[in-house]
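Chemist: One structure is given below, represented as structure tokens, and several questions about it will come after.
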Amino acid sequence: MHKYQKLNIQKLYQIYIYLTIRLLMNVMWIVLAIFLIILIFERVAERLGIDRWYKLSSIGWIFLSIYWLSSFIAYLDTDDFVNMLLTLLAAIFSFIIAFKIIIDNRKYPWKNITLWVTISILIIFPFYKIPILRDFLIDMVANHTLFILSSVFNASGEIITDATIILNGFPVSIVIGCTAIESMAFFAGLILCLNAPLKRKIIALVFIPVIYIANLFRNAFAIYAYGNQLFQFGIIGTAHESFFWAHNVIAKIYSFLVVVILAYLTFKIFPEFLTLIEDIISSFKKDVDK
């Protein structure tokens, strides 16, 4: 083999490795692409007589499971046990959905769930992948959090570099995860994917600003508790302990209660959502009874 050929093979191999890493790092792009292709070309597939076209979405769910599993592994190095558990459950659930799509001959409710996730990803991704949008959202949340901190908690914090709020010498950085964009996208995707009248969907979209405002209070509380060292129980033994209890425990419980309330209101506004949940449970129950 000539030296030139060896160099070409080596270069191709390097390109292959690079592309593979990029694909793994951006696995959500793969999920989004698969789901969009399935949903957009569904009617075309039906006209061509491809009855099982929607089953290809199972591939997207497998990739989604991989994404959540990688997120779970990343959380292993943190003290955020709630997100650790949630990402693990999401990985398991995504894999189960993929399996159900493969073995179940019904489109409903799996098509609706796929549409739900697709809409949510479409909302989230621009804020994660476009720096201008991400920075705009983070800066806006930081400023609004500071407003809540001063007006509600009567604390005089200030914003320093990179959307970091400092209170009594204790800094807290506002990152994309502090913006509640995932929760807002989650509920927006749910509302838009349901087979419900447009009027009810528009009314329900009021949940989005409610989530945003509720998140501002969550951020402000965590900063206030950390800045004033409210929860120094001596268990962790560092100044970070107050932040841990405020952010990773109390704020998580608060967020859970907000989600429960909004879920209840969603059930009240959209009986279709209850039907969707019942169909999912019924499908799993049939598998257990077999």
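We name chains A, B, ... following the order of the structure tokens; residues begin at 1 in each chain, and ligands are numbered from 1 as shown.
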Per residue of range 110-160 of chain A within 10 Å of range 35-46 of chain A, record the nearest atom pair and its distance in Å to one decimal, counting only C-alpha atoms, with rows in chain order and ascending residue number, as CSV.
Modeler:
residue,atom,partner,partner_atom,distance
A:Lys111,CA,A:Leu39,CA,8.4
A:Thr114,CA,A:Phe35,CA,7.0
A:Leu115,CA,A:Leu39,CA,7.6
A:Val117,CA,A:Phe35,CA,8.7
A:Thr118,CA,A:Phe35,CA,6.4
A:Ile119,CA,A:Leu36,CA,9.5
A:Leu122,CA,A:Leu36,CA,9.8
Chemist: May I have the residues within 8 Å of range 69-78 of chain A as a list in words, using only C-alpha atoms and disregarding those fewer than 3 positions away in the same chain?
Modeler: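 That gives Ser65, Ile66, Phe81, Asn83, Met84, Leu85, Thr87, Leu88 and Ala91 of chain A.
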Chemist: If you run DSSP over the backbone, which residues in range 57-169 of chain A end up strand (DSSP E or B)? Put them as a list in words.
Modeler: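 Going through range 57-169 of chain A, the strand (DSSP E or B) residues come out as Glu158, Ile159, Ile160, Thr164, Ile165, Ile166 and Leu167 of chain A.
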Chemist: Using only C-alpha atoms, which of A:Ile269, A:Leu216, A:Val258, A:Ile203 sits nearest Ile138 in chain A?
Modeler: A:Leu216
Chemist: Can you work out the spacing between CA of Ser183 in chain A and CA of Ile211 in chain A in Å, to one decimal?
Modeler: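 One can read the CA of Ser183 in chain A to CA of Ile211 in chain A distance as 7.3 Å.
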Chemist: Give me, please, the distance in Å between CA of Ile30 in chain A and CA of Trp68 in chain A, quoted to one decimal.
Modeler: 13.6 Å
Chemist: From the set A:Phe147, A:Phe153, A:Phe270, A:Tyr128, which residue has the shortest atom-to-atom contact distance to Leu190 in chain A, counting only C-alpha atoms?
Modeler: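 Checking each candidate against Leu190 in chain A, we get A:Phe270 as the closest.
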Chemist: Can you pull out the residues contacting Asn219 in chain A? Cut-off 9 Å, using only C-alpha atoms, and skip same-chain residues under 3 positions away; I want them as an mmCIF file with all heavy atoms, in the first residue's frame.
Modeler:
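around39.cif written:
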data_model
loop_
_atom_site.group_PDB
_atom_site.id
_atom_site.type_symbol
_atom_site.label_atom_id
_atom_site.label_comp_id
_atom_site.auth_asym_id
_atom_site.auth_seq_id
_atom_site.Cartn_x
_atom_site.Cartn_y
_atom_site.Cartn_z
ATOM 1 N N ALA A 142 -31.849 36.152 34.964
ATOM 2 C CA ALA A 142 -30.996 36.702 36.022
ATOM 3 C C ALA A 142 -31.535 38.048 36.511
ATOM 4 O O ALA A 142 -31.613 38.296 37.725
ATOM 5 C CB ALA A 142 -29.565 36.851 35.513
ATOM 6 N N THR A 145 -34.835 37.488 38.335
ATOM 7 C CA THR A 145 -34.563 36.859 39.633
ATOM 8 C C THR A 145 -34.075 37.900 40.634
ATOM 9 O O THR A 145 -34.488 37.900 41.805
ATOM 10 C CB THR A 145 -33.507 35.746 39.486
ATOM 11 O OG1 THR A 145 -34.017 34.718 38.625
ATOM 12 C CG2 THR A 145 -33.165 35.135 40.838
ATOM 13 N N LEU A 149 -35.704 38.941 44.132
ATOM 14 C CA LEU A 149 -34.843 38.888 45.318
ATOM 15 C C LEU A 149 -34.937 40.186 46.118
ATOM 16 O O LEU A 149 -35.005 40.166 47.356
ATOM 17 C CB LEU A 149 -33.396 38.631 44.893
ATOM 18 C CG LEU A 149 -32.371 38.321 45.991
ATOM 19 C CD1 LEU A 149 -32.714 37.023 46.702
ATOM 20 C CD2 LEU A 149 -30.970 38.242 45.390
ATOM 21 N N ILE A 174 -26.453 31.934 37.181
ATOM 22 C CA ILE A 174 -27.674 31.535 36.481
ATOM 23 C C ILE A 174 -27.263 30.897 35.159
ATOM 24 O O ILE A 174 -26.623 31.535 34.324
ATOM 25 C CB ILE A 174 -28.597 32.743 36.216
ATOM 26 C CG1 ILE A 174 -28.964 33.436 37.533
ATOM 27 C CG2 ILE A 174 -29.849 32.299 35.474
ATOM 28 C CD1 ILE A 174 -29.770 32.593 38.485
ATOM 29 N N CYS A 178 -31.366 26.958 34.899
ATOM 30 C CA CYS A 178 -32.094 27.779 35.880
ATOM 31 C C CYS A 178 -33.227 28.576 35.245
ATOM 32 O O CYS A 178 -33.884 29.364 35.927
ATOM 33 C CB CYS A 178 -31.136 28.757 36.565
ATOM 34 S SG CYS A 178 -29.727 27.993 37.382
ATOM 35 N N THR A 179 -33.443 28.402 33.956
ATOM 36 C CA THR A 179 -34.423 29.227 33.242
ATOM 37 C C THR A 179 -35.800 28.584 33.134
ATOM 38 O O THR A 179 -36.747 29.231 32.685
ATOM 39 C CB THR A 179 -33.922 29.530 31.820
ATOM 40 O OG1 THR A 179 -33.783 28.292 31.098
ATOM 41 C CG2 THR A 179 -32.575 30.248 31.862
ATOM 42 N N ALA A 214 -42.898 31.204 38.583
ATOM 43 C CA ALA A 214 -42.646 30.288 39.699
ATOM 44 C C ALA A 214 -41.165 29.949 39.794
ATOM 45 O O ALA A 214 -40.604 29.833 40.894
ATOM 46 C CB ALA A 214 -43.470 29.014 39.528
ATOM 47 N N ASN A 215 -40.525 29.822 38.645
ATOM 48 C CA ASN A 215 -39.094 29.518 38.626
ATOM 49 C C ASN A 215 -38.261 30.682 39.155
ATOM 50 O O ASN A 215 -37.229 30.476 39.797
ATOM 51 C CB ASN A 215 -38.665 29.178 37.197
ATOM 52 C CG ASN A 215 -37.191 28.867 37.101
ATOM 53 O OD1 ASN A 215 -36.706 27.871 37.629
ATOM 54 N ND2 ASN A 215 -36.445 29.739 36.437
ATOM 55 N N LEU A 216 -38.703 31.900 38.901
ATOM 56 C CA LEU A 216 -37.985 33.070 39.421
ATOM 57 C C LEU A 216 -37.974 33.055 40.951
ATOM 58 O O LEU A 216 -36.955 33.363 41.579
ATOM 59 C CB LEU A 216 -38.637 34.363 38.916
ATOM 60 C CG LEU A 216 -38.588 34.625 37.410
ATOM 61 C CD1 LEU A 216 -39.317 35.921 37.083
ATOM 62 C CD2 LEU A 216 -37.148 34.677 36.900
ATOM 63 N N ALA A 222 -33.331 30.226 46.509
ATOM 64 C CA ALA A 222 -32.048 29.529 46.632
ATOM 65 C C ALA A 222 -30.908 30.519 46.873
ATOM 66 O O ALA A 222 -30.025 30.281 47.709
ATOM 67 C CB ALA A 222 -31.780 28.699 45.381
ATOM 68 N N ILE A 223 -30.944 31.634 46.157
ATOM 69 C CA ILE A 223 -29.901 32.655 46.322
ATOM 70 C C ILE A 223 -29.998 33.302 47.704
ATOM 71 O O ILE A 223 -28.983 33.528 48.375
ATOM 72 C CB ILE A 223 -30.019 33.720 45.207
ATOM 73 C CG1 ILE A 223 -29.709 33.088 43.849
ATOM 74 C CG2 ILE A 223 -29.080 34.902 45.473
ATOM 75 C CD1 ILE A 223 -30.050 33.964 42.663
ATOM 76 N N TYR A 224 -31.224 33.590 48.132
ATOM 77 C CA TYR A 224 -31.434 34.208 49.448
ATOM 78 C C TYR A 224 -30.955 33.282 50.569
ATOM 79 O O TYR A 224 -30.270 33.721 51.507
ATOM 80 C CB TYR A 224 -32.913 34.529 49.627
ATOM 81 C CG TYR A 224 -33.246 35.152 50.964
ATOM 82 C CD1 TYR A 224 -33.044 36.512 51.189
ATOM 83 C CD2 TYR A 224 -33.761 34.377 52.002
ATOM 84 C CE1 TYR A 224 -33.339 37.088 52.415
ATOM 85 C CE2 TYR A 224 -34.061 34.938 53.231
ATOM 86 C CZ TYR A 224 -33.851 36.293 53.436
ATOM 87 O OH TYR A 224 -34.144 36.853 54.662
ATOM 88 N N HIS A 247 -31.482 24.615 47.187
ATOM 89 C CA HIS A 247 -31.606 24.346 45.749
ATOM 90 C C HIS A 247 -31.954 22.892 45.439
ATOM 91 O O HIS A 247 -32.832 22.613 44.618
ATOM 92 C CB HIS A 247 -30.296 24.728 45.046
ATOM 93 C CG HIS A 247 -30.312 24.512 43.566
ATOM 94 N ND1 HIS A 247 -29.906 23.331 42.979
ATOM 95 C CD2 HIS A 247 -30.694 25.330 42.545
ATOM 96 C CE1 HIS A 247 -30.038 23.423 41.669
ATOM 97 N NE2 HIS A 247 -30.508 24.618 41.373
ATOM 98 N N ALA A 251 -36.168 23.557 47.002
ATOM 99 C CA ALA A 251 -36.595 24.058 45.687
ATOM 100 C C ALA A 251 -37.117 22.930 44.803
ATOM 101 O O ALA A 251 -38.029 23.143 43.992
ATOM 102 C CB ALA A 251 -35.439 24.778 44.997
#
Chemist: Would you pick out the contacts of range 60-64 of chain A at 6 Å or less, using only C-alpha atoms, so that residues sharing its chain but fewer than 3 positions from it are not included, and give the list as an MDAnalysis selection string?
Modeler: chainID A and resid 31 34 57 67 94:95 98
Chemist: Taking all heavy atoms for each residue, export the selection above as a short mmCIF file (atom, residue, chain, number, x, y, z; two decimals), in the first residue's frame.
Modeler:
data_model
loop_
_atom_site.label_atom_id
_atom_site.label_comp_id
_atom_site.auth_asym_id
_atom_site.auth_seq_id
_atom_site.Cartn_x
_atom_site.Cartn_y
_atom_site.Cartn_z
N VAL A 31 -32.42 12.42 17.42
CA VAL A 31 -33.78 12.16 17.89
C VAL A 31 -34.77 13.08 17.18
O VAL A 31 -35.80 12.63 16.65
CB VAL A 31 -33.88 12.37 19.42
CG1 VAL A 31 -35.32 12.23 19.89
CG2 VAL A 31 -32.98 11.38 20.15
N ILE A 34 -35.19 12.20 13.43
CA ILE A 34 -36.00 10.98 13.23
C ILE A 34 -37.47 11.27 13.46
O ILE A 34 -38.33 10.90 12.65
CB ILE A 34 -35.51 9.86 14.16
CG1 ILE A 34 -34.10 9.40 13.75
CG2 ILE A 34 -36.48 8.67 14.13
CD1 ILE A 34 -33.46 8.43 14.72
N SER A 57 -40.21 5.36 14.52
CA SER A 57 -39.96 6.32 15.60
C SER A 57 -39.32 5.65 16.81
O SER A 57 -38.75 6.33 17.67
CB SER A 57 -41.26 7.02 16.01
OG SER A 57 -42.20 6.09 16.51
N TYR A 67 -29.54 9.29 25.29
CA TYR A 67 -29.30 10.66 25.75
C TYR A 67 -29.54 10.79 27.25
O TYR A 67 -28.72 11.35 27.98
CB TYR A 67 -30.21 11.62 24.98
CG TYR A 67 -30.22 13.03 25.54
CD1 TYR A 67 -29.21 13.92 25.23
CD2 TYR A 67 -31.24 13.44 26.40
CE1 TYR A 67 -29.21 15.20 25.75
CE2 TYR A 67 -31.25 14.72 26.93
CZ TYR A 67 -30.23 15.59 26.60
OH TYR A 67 -30.23 16.86 27.13
N SER A 94 -38.02 5.88 28.14
CA SER A 94 -37.81 6.05 26.69
C SER A 94 -37.57 4.71 26.01
O SER A 94 -38.08 4.45 24.92
CB SER A 94 -36.62 6.99 26.43
OG SER A 94 -36.87 8.27 26.95
N PHE A 95 -36.79 3.86 26.67
CA PHE A 95 -36.52 2.53 26.10
C PHE A 95 -37.80 1.69 26.07
O PHE A 95 -38.06 0.97 25.09
CB PHE A 95 -35.45 1.81 26.92
CG PHE A 95 -35.06 0.48 26.36
CD1 PHE A 95 -34.20 0.39 25.27
CD2 PHE A 95 -35.58 -0.69 26.89
CE1 PHE A 95 -33.86 -0.84 24.73
CE2 PHE A 95 -35.24 -1.93 26.36
CZ PHE A 95 -34.37 -2.01 25.28
N ALA A 98 -39.94 2.81 23.22
CA ALA A 98 -39.40 2.27 21.96
C ALA A 98 -39.86 0.83 21.77
O ALA A 98 -40.29 0.43 20.67
CB ALA A 98 -37.88 2.35 21.97
#
Chemist: So, with only C-alpha atoms as the atoms that count, which of A:Val249, A:Ala225, A:Met28, A:Val210 lies closest to Leu262 in chain A?
Modeler: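 Using only C-alpha atoms, Leu262 in chain A sits closest to A:Val210.
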Chemist: Using DSSP on the backbone coordinates, identify all residues within range 185-252 of chain A classified as helix (DSSP H, G or I); present the result as an NGL selection string.
Modeler: :A and (185-193 or 198-204 or 207-227 or 240-252)
